[in-house]
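Below is one structure, written out as structure tokens, with a few remarks after it.
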Amino acid sequence: MTGPNPRPPGGWWRNAVIYEVYIRSFADGDGDGIGDIAGIRGRLAYLRDLGVDAIWITPWYPSPMADGGYDVADYRGIDPRFGTLADAVALVSEAHDHDLRVILDLVPNHTSSRHAWFRAALPSGPGSEARGRYLFRPGRGPAGEEPPNNWESAFGGPAWTRVVEPDGRPGEWYLHLFDPEQPDLDWTSAAVREEFEATLDFWFDHGVDGFRIDVAMALVKDPTLPDAPPWDRAAVGPPRVPPVHPFFDQAGVHDIWRAWRRVADAREPRRVFVGEVALVGPAGLARYVRPDELHTAFNFDFLRCPWDADALRATIDGTLAALGAVGAPATWVLSNHDETRHVTRLGRAATGARGLLDGRRDVADLELGTRRARAAALLMLALPGGACLYQGEELGLWEVEDLPVELLQDPTWKRSGHRVRGRDGCRVPIPWSGDAPPFGFGPPGSVPWLPQPPAWAALAAAAGSRTPGSMLALYRRALRLRRDKRGFAADGLRWIPSPRGTLVFERGGGLRCAVNLSTEPLALPAGRTTLLASLPLDDDQLPVDAAAWYVETPPTGPRDGEAGR
Ligand code: GLC
């Protein structure tokens, strides 16, 4: 196929619900304490019954696990901890049998320092072709003892590490926007571009439906590698990179996505890209999802938005306006493997997510957070476009904030000088069944790589399945309604005037969603049919921190007649 992609109006990804499988923590088939492909294969029926459209599997490639697999040593293999390539192929085919699409996670900004390319680059010395695939530079200062510029690693500390040259002397520095074990690739290198396009084809040949693209706004750097401007990450509102920034959101990055789009569009059925594009704001985000670039991108402004009606409405409107202008749908998201779980976040005084290096941890009221999380789920799943769920949010899991420090694996803990605990608390293995750890995560007697709180017994999937009104029951019902009611597939939304602190909007076919973020109950119209509510209604009153879906007009067809929670 050549030429621009005529965007099909009905592309499945336009309103898909994607489920993020953080593979290390989803399900452990072989009992080594670490989740794996066998574990995912055993849970496909659960995912189908939940009602999601696709699964995104976090990196499963061979990796030293310096950053939980986001340090890839071989992009076309499977880490033996997770299984084999044959297992992966079987998983893709079984997922398809369950009507689930499979999206892999590609990490093109950096490789592992154990990748063959980096291992070849070290002994090859300055100026070599092998070093040209990465960003090696001489240091500043009389003896090159200072890093080439002031860039900081996302995990803390300088973004440069100095190497020892083959002659034993200190030599060049290499760039790593993340951990030193994650050297950044130089995307001006033709070899790098060709290799990744071939990797896309490799996995497309194995039947995968698309990729989530790691830090998709970071691949291209200002070639002069200037110092970065000061950047107030703690500023109020969603964090934004300064408009001109040397390693985020450089214009040249879009050429890469156009080239990748051509690779995806050459396939039948068409394959899909979901970008991890953070910190660029709605207009910036829209540039990544133009018709000949990525299909969609996670909406981090929504994730970071505080639990506040005005702020949420502004985020929703800003997103829809910016993405609508390029014909792209939004993909809403509340949690992922990098962020504090939203049950905890929404139970804190400061409800917006704060980013990786913010170590503040005020106390969370988990009951309040759970109530709001139920409402947030109905809000997210009623919005136009797609959504992405993070494993365990459908069970109501909270952030595990008291993991013993000696078990912490996130490089943030070490790189921040033991100041920021990092992301392990949202990566604790999933409780599936039973009354005690490992809660069916692995076989009886196995020890999950991070300890599960005993109180998760009440949240295990089996318990949630048995309990009417559980978080799992709410998600299942919401996802079922999303599939059944065609109004959810309509474009856009219409705001309905409502009291301060509340959000009411209409989708297609008279479907309405009301969310009460105020301090007073919200009266819902009497002549409605309630489809689903996050908390029991009190007559026609929607309680504080609750949400409901309803239709205003009397139902017309038999499918629209069903009611109740
Ligand atoms: C993305 C991933 C995160 C990882 C980082 C570096 O933000 O989601 O887990 O640490 O990229 O690859």
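Lettering and numbering for the structure tokens are positional, with chains as A, B, ... in the shown order, residues counted from 1 in each chain, and ligands counted from 1 in the shown order.
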
Would you please extract all helix (DSSP H, G or I) residues from segment 11-169 of chain A, as assigned by DSSP on the backbone, and give them as an mmCIF file with all heavy atoms, in the first residue's frame?
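This went into result_22.cif:
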data_model
loop_
_atom_site.group_PDB
_atom_site.id
_atom_site.type_symbol
_atom_site.label_atom_id
_atom_site.label_comp_id
_atom_site.auth_asym_id
_atom_site.auth_seq_id
_atom_site.Cartn_x
_atom_site.Cartn_y
_atom_site.Cartn_z
ATOM 1 N N TRP A 12 -11.415 -0.580 14.540
ATOM 2 C CA TRP A 12 -11.783 -1.126 15.850
ATOM 3 C C TRP A 12 -11.175 -0.338 16.992
ATOM 4 O O TRP A 12 -11.742 -0.255 18.075
ATOM 5 C CB TRP A 12 -11.375 -2.605 15.948
ATOM 6 C CG TRP A 12 -9.893 -2.820 15.927
ATOM 7 C CD1 TRP A 12 -9.119 -3.032 14.829
ATOM 8 C CD2 TRP A 12 -9.011 -2.825 17.060
ATOM 9 N NE1 TRP A 12 -7.805 -3.164 15.186
ATOM 10 C CE2 TRP A 12 -7.712 -3.048 16.551
ATOM 11 C CE3 TRP A 12 -9.177 -2.664 18.440
ATOM 12 C CZ2 TRP A 12 -6.581 -3.111 17.377
ATOM 13 C CZ3 TRP A 12 -8.059 -2.726 19.256
ATOM 14 C CH2 TRP A 12 -6.780 -2.949 18.733
ATOM 15 N N TRP A 13 -10.008 0.242 16.753
ATOM 16 C CA TRP A 13 -9.264 0.930 17.797
ATOM 17 C C TRP A 13 -9.886 2.273 18.171
ATOM 18 O O TRP A 13 -9.534 2.854 19.187
ATOM 19 C CB TRP A 13 -7.826 1.145 17.308
ATOM 20 C CG TRP A 13 -7.792 1.607 15.878
ATOM 21 C CD1 TRP A 13 -7.767 0.822 14.754
ATOM 22 C CD2 TRP A 13 -7.849 2.947 15.417
ATOM 23 N NE1 TRP A 13 -7.801 1.592 13.622
ATOM 24 C CE2 TRP A 13 -7.849 2.899 13.999
ATOM 25 C CE3 TRP A 13 -7.898 4.190 16.054
ATOM 26 C CZ2 TRP A 13 -7.890 4.049 13.219
ATOM 27 C CZ3 TRP A 13 -7.944 5.327 15.280
ATOM 28 C CH2 TRP A 13 -7.947 5.249 13.873
ATOM 29 N N ARG A 14 -10.837 2.742 17.377
ATOM 30 C CA ARG A 14 -11.368 4.084 17.646
ATOM 31 C C ARG A 14 -12.171 4.161 18.933
ATOM 32 O O ARG A 14 -12.282 5.233 19.535
ATOM 33 C CB ARG A 14 -12.220 4.586 16.463
ATOM 34 C CG ARG A 14 -11.401 4.781 15.204
ATOM 35 C CD ARG A 14 -12.215 5.449 14.115
ATOM 36 N NE ARG A 14 -12.444 6.858 14.412
ATOM 37 C CZ ARG A 14 -11.605 7.830 14.101
ATOM 38 N NH1 ARG A 14 -10.489 7.556 13.460
ATOM 39 N NH2 ARG A 14 -11.874 9.077 14.409
ATOM 40 N N ASN A 15 -12.762 3.064 19.326
ATOM 41 C CA ASN A 15 -13.454 3.099 20.635
ATOM 42 C C ASN A 15 -13.186 1.818 21.432
ATOM 43 O O ASN A 15 -14.013 1.369 22.214
ATOM 44 C CB ASN A 15 -14.954 3.383 20.491
ATOM 45 C CG ASN A 15 -15.620 2.388 19.566
ATOM 46 O OD1 ASN A 15 -15.002 1.403 19.173
ATOM 47 N ND2 ASN A 15 -16.868 2.634 19.234
ATOM 48 N N ILE A 23 3.133 -7.862 32.489
ATOM 49 C CA ILE A 23 3.319 -9.317 32.444
ATOM 50 C C ILE A 23 3.948 -9.890 33.708
ATOM 51 O O ILE A 23 3.570 -10.977 34.155
ATOM 52 C CB ILE A 23 4.113 -9.730 31.169
ATOM 53 C CG1 ILE A 23 4.185 -11.245 31.033
ATOM 54 C CG2 ILE A 23 5.477 -9.097 31.132
ATOM 55 C CD1 ILE A 23 4.666 -11.726 29.673
ATOM 56 N N ARG A 24 4.849 -9.169 34.334
ATOM 57 C CA ARG A 24 5.520 -9.726 35.523
ATOM 58 C C ARG A 24 4.538 -9.964 36.663
ATOM 59 O O ARG A 24 4.821 -10.714 37.592
ATOM 60 C CB ARG A 24 6.571 -8.740 36.040
ATOM 61 C CG ARG A 24 7.595 -8.352 35.026
ATOM 62 C CD ARG A 24 8.271 -7.068 35.439
ATOM 63 N NE ARG A 24 9.313 -7.274 36.428
ATOM 64 C CZ ARG A 24 9.761 -6.334 37.245
ATOM 65 N NH1 ARG A 24 9.222 -5.128 37.231
ATOM 66 N NH2 ARG A 24 10.728 -6.582 38.092
ATOM 67 N N SER A 25 3.399 -9.298 36.622
ATOM 68 C CA SER A 25 2.508 -9.285 37.776
ATOM 69 C C SER A 25 1.096 -9.738 37.459
ATOM 70 O O SER A 25 0.208 -9.585 38.288
ATOM 71 C CB SER A 25 2.448 -7.859 38.354
ATOM 72 O OG SER A 25 3.745 -7.404 38.631
ATOM 73 N N ILE A 37 3.870 -15.876 30.094
ATOM 74 C CA ILE A 37 2.921 -16.070 28.991
ATOM 75 C C ILE A 37 1.917 -17.165 29.339
ATOM 76 O O ILE A 37 0.721 -17.043 29.052
ATOM 77 C CB ILE A 37 3.677 -16.388 27.684
ATOM 78 C CG1 ILE A 37 4.529 -15.182 27.283
ATOM 79 C CG2 ILE A 37 2.701 -16.742 26.570
ATOM 80 C CD1 ILE A 37 5.424 -15.419 26.074
ATOM 81 N N ALA A 38 2.393 -18.223 29.972
ATOM 82 C CA ALA A 38 1.459 -19.301 30.355
ATOM 83 C C ALA A 38 0.363 -18.736 31.257
ATOM 84 O O ALA A 38 -0.819 -19.105 31.140
ATOM 85 C CB ALA A 38 2.214 -20.419 31.065
ATOM 86 N N GLY A 39 0.743 -17.846 32.161
ATOM 87 C CA GLY A 39 -0.248 -17.230 33.048
ATOM 88 C C GLY A 39 -1.294 -16.448 32.261
ATOM 89 O O GLY A 39 -2.500 -16.543 32.533
ATOM 90 N N ILE A 40 -0.839 -15.688 31.267
ATOM 91 C CA ILE A 40 -1.807 -14.911 30.467
ATOM 92 C C ILE A 40 -2.738 -15.866 29.708
ATOM 93 O O ILE A 40 -3.960 -15.667 29.665
ATOM 94 C CB ILE A 40 -1.087 -13.982 29.461
ATOM 95 C CG1 ILE A 40 -0.107 -13.054 30.171
ATOM 96 C CG2 ILE A 40 -2.109 -13.154 28.682
ATOM 97 C CD1 ILE A 40 0.763 -12.230 29.215
ATOM 98 N N ARG A 41 -2.152 -16.916 29.148
ATOM 99 C CA ARG A 41 -2.982 -17.861 28.379
ATOM 100 C C ARG A 41 -4.084 -18.452 29.251
ATOM 101 O O ARG A 41 -5.197 -18.706 28.796
ATOM 102 C CB ARG A 41 -2.114 -18.967 27.783
ATOM 103 C CG ARG A 41 -1.233 -18.456 26.666
ATOM 104 C CD ARG A 41 -0.225 -19.500 26.215
ATOM 105 N NE ARG A 41 -0.830 -20.587 25.465
ATOM 106 C CZ ARG A 41 -0.142 -21.647 25.040
ATOM 107 N NH1 ARG A 41 1.153 -21.752 25.299
ATOM 108 N NH2 ARG A 41 -0.748 -22.599 24.359
ATOM 109 N N GLY A 42 -3.747 -18.669 30.514
ATOM 110 C CA GLY A 42 -4.739 -19.239 31.427
ATOM 111 C C GLY A 42 -5.837 -18.268 31.834
ATOM 112 O O GLY A 42 -6.820 -18.676 32.473
ATOM 113 N N LEU A 44 -7.244 -15.857 29.615
ATOM 114 C CA LEU A 44 -7.885 -15.202 28.478
ATOM 115 C C LEU A 44 -9.410 -15.212 28.607
ATOM 116 O O LEU A 44 -10.081 -14.246 28.222
ATOM 117 C CB LEU A 44 -7.451 -15.867 27.167
ATOM 118 C CG LEU A 44 -5.988 -15.614 26.788
ATOM 119 C CD1 LEU A 44 -5.599 -16.458 25.581
ATOM 120 C CD2 LEU A 44 -5.736 -14.137 26.505
ATOM 121 N N ALA A 45 -9.927 -16.282 29.170
ATOM 122 C CA ALA A 45 -11.391 -16.331 29.312
ATOM 123 C C ALA A 45 -11.858 -15.240 30.279
ATOM 124 O O ALA A 45 -12.916 -14.616 30.069
ATOM 125 C CB ALA A 45 -11.817 -17.705 29.810
ATOM 126 N N TYR A 46 -11.058 -14.994 31.327
ATOM 127 C CA TYR A 46 -11.394 -13.912 32.264
ATOM 128 C C TYR A 46 -11.462 -12.575 31.521
ATOM 129 O O TYR A 46 -12.392 -11.772 31.725
ATOM 130 C CB TYR A 46 -10.346 -13.865 33.374
ATOM 131 C CG TYR A 46 -10.393 -12.625 34.236
ATOM 132 C CD1 TYR A 46 -11.234 -12.550 35.341
ATOM 133 C CD2 TYR A 46 -9.588 -11.512 33.955
ATOM 134 C CE1 TYR A 46 -11.282 -11.407 36.132
ATOM 135 C CE2 TYR A 46 -9.631 -10.372 34.741
ATOM 136 C CZ TYR A 46 -10.476 -10.320 35.828
ATOM 137 O OH TYR A 46 -10.523 -9.191 36.611
ATOM 138 N N LEU A 47 -10.471 -12.342 30.655
ATOM 139 C CA LEU A 47 -10.415 -11.057 29.946
ATOM 140 C C LEU A 47 -11.559 -10.929 28.951
ATOM 141 O O LEU A 47 -12.153 -9.862 28.809
ATOM 142 C CB LEU A 47 -9.060 -10.914 29.244
ATOM 143 C CG LEU A 47 -7.886 -10.829 30.225
ATOM 144 C CD1 LEU A 47 -6.555 -10.989 29.498
ATOM 145 C CD2 LEU A 47 -7.916 -9.499 30.975
ATOM 146 N N ARG A 48 -11.874 -12.031 28.293
ATOM 147 C CA ARG A 48 -13.020 -11.998 27.372
ATOM 148 C C ARG A 48 -14.300 -11.702 28.157
ATOM 149 O O ARG A 48 -15.112 -10.858 27.773
ATOM 150 C CB ARG A 48 -13.140 -13.335 26.651
ATOM 151 C CG ARG A 48 -14.328 -13.393 25.695
ATOM 152 C CD ARG A 48 -14.741 -14.813 25.390
ATOM 153 N NE ARG A 48 -14.965 -15.564 26.623
ATOM 154 C CZ ARG A 48 -14.761 -16.877 26.758
ATOM 155 N NH1 ARG A 48 -14.313 -17.575 25.745
ATOM 156 N NH2 ARG A 48 -14.984 -17.480 27.920
ATOM 157 N N ASP A 49 -14.468 -12.379 29.293
ATOM 158 C CA ASP A 49 -15.693 -12.168 30.075
ATOM 159 C C ASP A 49 -15.752 -10.760 30.672
ATOM 160 O O ASP A 49 -16.836 -10.215 30.881
ATOM 161 C CB ASP A 49 -15.787 -13.211 31.205
ATOM 162 C CG ASP A 49 -15.969 -14.615 30.635
ATOM 163 O OD1 ASP A 49 -16.275 -14.730 29.432
ATOM 164 O OD2 ASP A 49 -15.768 -15.591 31.390
ATOM 165 N N LEU A 50 -14.579 -10.209 30.947
ATOM 166 C CA LEU A 50 -14.565 -8.827 31.438
ATOM 167 C C LEU A 50 -15.142 -7.900 30.373
ATOM 168 O O LEU A 50 -15.836 -6.937 30.686
ATOM 169 C CB LEU A 50 -13.125 -8.433 31.790
ATOM 170 C CG LEU A 50 -12.870 -7.027 32.295
ATOM 171 C CD1 LEU A 50 -13.644 -6.768 33.596
ATOM 172 C CD2 LEU A 50 -11.366 -6.804 32.538
ATOM 173 N N LEU A 85 9.149 -18.213 22.171
ATOM 174 C CA LEU A 85 8.459 -17.620 21.025
ATOM 175 C C LEU A 85 7.242 -18.481 20.641
ATOM 176 O O LEU A 85 6.191 -17.941 20.285
ATOM 177 C CB LEU A 85 9.428 -17.483 19.844
ATOM 178 C CG LEU A 85 8.907 -16.696 18.647
ATOM 179 C CD1 LEU A 85 8.479 -15.279 19.029
ATOM 180 C CD2 LEU A 85 9.960 -16.639 17.538
ATOM 181 N N ALA A 86 7.381 -19.774 20.769
ATOM 182 C CA ALA A 86 6.231 -20.645 20.459
ATOM 183 C C ALA A 86 5.070 -20.345 21.414
ATOM 184 O O ALA A 86 3.901 -20.315 21.003
ATOM 185 C CB ALA A 86 6.643 -22.112 20.561
ATOM 186 N N ASP A 87 5.386 -20.104 22.684
ATOM 187 C CA ASP A 87 4.322 -19.743 23.638
ATOM 188 C C ASP A 87 3.652 -18.429 23.209
ATOM 189 O O ASP A 87 2.424 -18.277 23.302
ATOM 190 C CB ASP A 87 4.889 -19.535 25.053
ATOM 191 C CG ASP A 87 5.477 -20.807 25.642
ATOM 192 O OD1 ASP A 87 5.064 -21.895 25.229
ATOM 193 O OD2 ASP A 87 6.366 -20.676 26.519
ATOM 194 N N ALA A 88 4.489 -17.488 22.775
ATOM 195 C CA ALA A 88 3.949 -16.178 22.386
ATOM 196 C C ALA A 88 3.010 -16.320 21.191
ATOM 197 O O ALA A 88 1.921 -15.726 21.157
ATOM 198 C CB ALA A 88 5.098 -15.227 22.053
ATOM 199 N N VAL A 89 3.435 -17.116 20.225
ATOM 200 C CA VAL A 89 2.607 -17.307 19.032
ATOM 201 C C VAL A 89 1.288 -17.987 19.411
ATOM 202 O O VAL A 89 0.209 -17.610 18.932
ATOM 203 C CB VAL A 89 3.395 -18.131 17.978
ATOM 204 C CG1 VAL A 89 2.494 -18.552 16.834
ATOM 205 C CG2 VAL A 89 4.578 -17.306 17.467
ATOM 206 N N ALA A 90 1.387 -18.959 20.319
ATOM 207 C CA ALA A 90 0.160 -19.643 20.763
ATOM 208 C C ALA A 90 -0.762 -18.665 21.484
ATOM 209 O O ALA A 90 -1.984 -18.682 21.298
ATOM 210 C CB ALA A 90 0.522 -20.821 21.674
ATOM 211 N N LEU A 91 -0.182 -17.797 22.293
ATOM 212 C CA LEU A 91 -1.000 -16.811 23.011
ATOM 213 C C LEU A 91 -1.749 -15.908 22.028
ATOM 214 O O LEU A 91 -2.950 -15.658 22.186
ATOM 215 C CB LEU A 91 -0.115 -15.958 23.935
ATOM 216 C CG LEU A 91 -0.755 -14.670 24.449
ATOM 217 C CD1 LEU A 91 -1.958 -14.962 25.340
ATOM 218 C CD2 LEU A 91 0.246 -13.814 25.214
ATOM 219 N N VAL A 92 -1.040 -15.422 21.014
ATOM 220 C CA VAL A 92 -1.686 -14.519 20.050
ATOM 221 C C VAL A 92 -2.860 -15.235 19.388
ATOM 222 O O VAL A 92 -3.964 -14.690 19.277
ATOM 223 C CB VAL A 92 -0.667 -14.025 18.997
ATOM 224 C CG1 VAL A 92 -1.371 -13.251 17.891
ATOM 225 C CG2 VAL A 92 0.398 -13.155 19.662
ATOM 226 N N SER A 93 -2.640 -16.473 19.011
ATOM 227 C CA SER A 93 -3.716 -17.182 18.325
ATOM 228 C C SER A 93 -4.886 -17.471 19.271
ATOM 229 O O SER A 93 -6.052 -17.317 18.909
ATOM 230 C CB SER A 93 -3.087 -18.419 17.677
ATOM 231 O OG SER A 93 -3.907 -19.502 17.773
ATOM 232 N N GLU A 94 -4.577 -17.854 20.520
ATOM 233 C CA GLU A 94 -5.676 -18.118 21.467
ATOM 234 C C GLU A 94 -6.424 -16.827 21.826
ATOM 235 O O GLU A 94 -7.650 -16.835 22.007
ATOM 236 C CB GLU A 94 -5.122 -18.768 22.736
ATOM 237 C CG GLU A 94 -4.674 -20.203 22.497
ATOM 238 C CD GLU A 94 -3.766 -20.723 23.597
ATOM 239 O OE1 GLU A 94 -3.683 -20.083 24.675
ATOM 240 O OE2 GLU A 94 -3.130 -21.763 23.373
ATOM 241 N N ALA A 95 -5.685 -15.743 21.917
ATOM 242 C CA ALA A 95 -6.357 -14.465 22.194
ATOM 243 C C ALA A 95 -7.340 -14.149 21.073
ATOM 244 O O ALA A 95 -8.486 -13.750 21.316
ATOM 245 C CB ALA A 95 -5.325 -13.347 22.351
ATOM 246 N N HIS A 96 -6.894 -14.347 19.849
ATOM 247 C CA HIS A 96 -7.796 -14.096 18.713
ATOM 248 C C HIS A 96 -9.028 -14.994 18.796
ATOM 249 O O HIS A 96 -10.142 -14.554 18.504
ATOM 250 C CB HIS A 96 -7.043 -14.296 17.400
ATOM 251 C CG HIS A 96 -6.036 -13.217 17.144
ATOM 252 N ND1 HIS A 96 -5.035 -13.302 16.209
ATOM 253 C CD2 HIS A 96 -5.862 -11.993 17.729
ATOM 254 C CE1 HIS A 96 -4.310 -12.199 16.206
ATOM 255 N NE2 HIS A 96 -4.793 -11.386 17.122
ATOM 256 N N ASP A 97 -8.807 -16.240 19.227
ATOM 257 C CA ASP A 97 -9.964 -17.137 19.382
ATOM 258 C C ASP A 97 -10.944 -16.601 20.425
ATOM 259 O O ASP A 97 -12.133 -16.910 20.393
ATOM 260 C CB ASP A 97 -9.507 -18.530 19.837
ATOM 261 C CG ASP A 97 -8.729 -19.252 18.746
ATOM 262 O OD1 ASP A 97 -8.817 -18.815 17.583
ATOM 263 O OD2 ASP A 97 -8.028 -20.228 19.063
ATOM 264 N N ALA A 116 23.101 -6.465 21.834
ATOM 265 C CA ALA A 116 24.321 -6.735 21.050
ATOM 266 C C ALA A 116 24.920 -5.435 20.500
ATOM 267 O O ALA A 116 26.137 -5.277 20.441
ATOM 268 C CB ALA A 116 23.986 -7.692 19.916
ATOM 269 N N TRP A 117 24.072 -4.490 20.115
ATOM 270 C CA TRP A 117 24.585 -3.230 19.563
ATOM 271 C C TRP A 117 25.411 -2.456 20.588
ATOM 272 O O TRP A 117 26.443 -1.888 20.269
ATOM 273 C CB TRP A 117 23.413 -2.341 19.128
ATOM 274 C CG TRP A 117 22.881 -2.652 17.770
ATOM 275 C CD1 TRP A 117 23.346 -3.577 16.878
ATOM 276 C CD2 TRP A 117 21.774 -2.003 17.148
ATOM 277 N NE1 TRP A 117 22.594 -3.546 15.746
ATOM 278 C CE2 TRP A 117 21.625 -2.596 15.867
ATOM 279 C CE3 TRP A 117 20.902 -0.998 17.527
ATOM 280 C CZ2 TRP A 117 20.639 -2.191 14.978
ATOM 281 C CZ3 TRP A 117 19.917 -0.594 16.641
ATOM 282 C CH2 TRP A 117 19.784 -1.191 15.379
ATOM 283 N N PHE A 118 24.904 -2.403 21.810
ATOM 284 C CA PHE A 118 25.652 -1.617 22.802
ATOM 285 C C PHE A 118 26.920 -2.350 23.212
ATOM 286 O O PHE A 118 27.969 -1.739 23.427
ATOM 287 C CB PHE A 118 24.780 -1.319 24.027
ATOM 288 C CG PHE A 118 25.335 -0.197 24.877
ATOM 289 C CD1 PHE A 118 25.261 1.118 24.448
ATOM 290 C CD2 PHE A 118 25.947 -0.465 26.096
ATOM 291 C CE1 PHE A 118 25.778 2.156 25.221
ATOM 292 C CE2 PHE A 118 26.466 0.560 26.874
ATOM 293 C CZ PHE A 118 26.382 1.874 26.431
ATOM 294 N N ARG A 119 26.818 -3.645 23.287
ATOM 295 C CA ARG A 119 28.017 -4.410 23.653
ATOM 296 C C ARG A 119 29.096 -4.254 22.587
ATOM 297 O O ARG A 119 30.280 -4.238 22.887
ATOM 298 C CB ARG A 119 27.659 -5.867 23.871
ATOM 299 C CG ARG A 119 26.857 -6.016 25.172
ATOM 300 C CD ARG A 119 26.829 -7.417 25.660
ATOM 301 N NE ARG A 119 26.114 -8.258 24.713
ATOM 302 C CZ ARG A 119 25.920 -9.557 24.873
ATOM 303 N NH1 ARG A 119 26.393 -10.162 25.943
ATOM 304 N NH2 ARG A 119 25.242 -10.249 23.983
ATOM 305 N N ALA A 120 28.655 -4.112 21.333
ATOM 306 C CA ALA A 120 29.628 -3.889 20.262
ATOM 307 C C ALA A 120 30.158 -2.453 20.295
ATOM 308 O O ALA A 120 31.303 -2.191 19.930
ATOM 309 C CB ALA A 120 28.991 -4.176 18.911
ATOM 310 N N ALA A 121 29.311 -1.534 20.758
ATOM 311 C CA ALA A 121 29.701 -0.116 20.732
ATOM 312 C C ALA A 121 30.821 0.176 21.734
ATOM 313 O O ALA A 121 31.708 0.989 21.461
ATOM 314 C CB ALA A 121 28.486 0.767 21.026
ATOM 315 N N LEU A 122 30.799 -0.478 22.858
ATOM 316 C CA LEU A 122 31.774 -0.140 23.903
ATOM 317 C C LEU A 122 33.206 -0.378 23.443
ATOM 318 O O LEU A 122 34.018 0.556 23.463
ATOM 319 C CB LEU A 122 31.458 -0.909 25.195
ATOM 320 C CG LEU A 122 30.219 -0.405 25.948
ATOM 321 C CD1 LEU A 122 29.984 -1.250 27.200
ATOM 322 C CD2 LEU A 122 30.373 1.062 26.328
ATOM 323 N N PRO A 123 33.558 -1.597 22.995
ATOM 324 C CA PRO A 123 34.959 -1.801 22.603
ATOM 325 C C PRO A 123 35.324 -1.140 21.277
ATOM 326 O O PRO A 123 36.501 -1.020 20.952
ATOM 327 C CB PRO A 123 35.067 -3.337 22.488
ATOM 328 C CG PRO A 123 33.679 -3.828 22.270
ATOM 329 C CD PRO A 123 32.764 -2.840 22.915
ATOM 330 N N SER A 124 34.331 -0.686 20.520
ATOM 331 C CA SER A 124 34.640 -0.151 19.188
ATOM 332 C C SER A 124 35.297 1.227 19.229
ATOM 333 O O SER A 124 35.924 1.636 18.260
ATOM 334 C CB SER A 124 33.378 -0.075 18.342
ATOM 335 O OG SER A 124 32.831 -1.345 18.179
ATOM 336 N N ARG A 131 29.300 2.837 17.624
ATOM 337 C CA ARG A 131 28.884 3.906 18.559
ATOM 338 C C ARG A 131 27.871 4.841 17.930
ATOM 339 O O ARG A 131 27.088 5.488 18.631
ATOM 340 C CB ARG A 131 30.111 4.686 19.033
ATOM 341 C CG ARG A 131 30.922 3.869 20.021
ATOM 342 C CD ARG A 131 31.618 4.683 21.061
ATOM 343 N NE ARG A 131 32.285 3.769 21.987
ATOM 344 C CZ ARG A 131 33.199 4.128 22.856
ATOM 345 N NH1 ARG A 131 33.575 5.395 22.931
ATOM 346 N NH2 ARG A 131 33.731 3.240 23.667
ATOM 347 N N GLY A 132 27.854 4.906 16.608
ATOM 348 C CA GLY A 132 26.945 5.810 15.913
ATOM 349 C C GLY A 132 25.481 5.429 16.050
ATOM 350 O O GLY A 132 24.602 6.209 15.718
ATOM 351 N N ARG A 133 25.213 4.242 16.556
ATOM 352 C CA ARG A 133 23.798 3.884 16.781
ATOM 353 C C ARG A 133 23.282 4.452 18.103
ATOM 354 O O ARG A 133 22.092 4.407 18.370
ATOM 355 C CB ARG A 133 23.646 2.370 16.809
ATOM 356 C CG ARG A 133 24.019 1.692 15.510
ATOM 357 C CD ARG A 133 23.595 0.244 15.554
ATOM 358 N NE ARG A 133 24.073 -0.480 14.396
ATOM 359 C CZ ARG A 133 25.045 -1.407 14.425
ATOM 360 N NH1 ARG A 133 25.617 -1.728 15.566
ATOM 361 N NH2 ARG A 133 25.419 -2.010 13.322
#

All residues within 8 Å of ligand 1 are required, counting only C-alpha atoms and all ligand atoms; please report them as a list of chain:residue names.
A:Asp67, A:Gly68, A:Tyr70, A:Asp71, A:Val107, A:Asn109, A:His110, A:Phe178, A:Gln182, A:Asp214, A:Val215, A:Glu276, A:Asn336, A:His337, A:Asp338

List every residue of segment 433-543 of chain A that has an atom at most 9 Å from any atom of segment 383-386 of chain A, and for each one report the closest atom pair and its distance in Å to one decimal, counting only C-alpha atoms, with rows sorted by chain and then by increasing residue number, as a Markdown table.
| residue | atom | partner | partner_atom | distance |
| --- | --- | --- | --- | --- |
| A:Phe488 | CA | A:Pro384 | CA | 6.9 |
| A:Ala489 | CA | A:Pro384 | CA | 7.1 |
| A:Ala490 | CA | A:Pro384 | CA | 7.0 |
| A:Asp491 | CA | A:Pro384 | CA | 6.0 |
| A:Gly492 | CA | A:Pro384 | CA | 5.6 |
| A:Leu493 | CA | A:Pro384 | CA | 6.9 |
| A:Phe505 | CA | A:Leu383 | CA | 9.0 |
| A:Arg507 | CA | A:Pro384 | CA | 7.7 |
| A:Cys513 | CA | A:Leu383 | CA | 8.8 |

Considering only C-alpha atoms, return as a VMD selection string whatever protein or nucleic-acid residues lie within 8 Å of Gly31 of chain A, sequence-local ones (same chain, fewer than 3 positions apart) excluded.
chain A and resid 28 34 442 to 443 446 to 447

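The coordinates place atom CA of Leu225 of chain A at 18.1 Å from atom CA of Gly171 of chain A.
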
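Every residue of segment 317-478 of chain A found in strand (DSSP E) when DSSP is run on the backbone appears here: A:Thr331, A:Trp332, A:Val333, A:Gly386, A:Ala387, A:Cys388, A:Leu389, A:Tyr390.
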
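Put simply, atom CA of Phe82 of chain A is 20.3 Å away from atom CA of Ile213 of chain A.
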
Calculated over only C-alpha atoms, which of the candidates A:Val289, A:Leu408, A:Leu474, A:Leu368 has the smallest distance to Leu395 of chain A?
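Using only C-alpha atoms, the shortest distance to Leu395 of chain A belongs to A:Leu474.
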
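Using only C-alpha atoms for every distance, the candidate list A:Gly207, A:Pro329, A:Gly417, A:Gly156 yields A:Pro329 as the residue closest to Gly11 of chain A.
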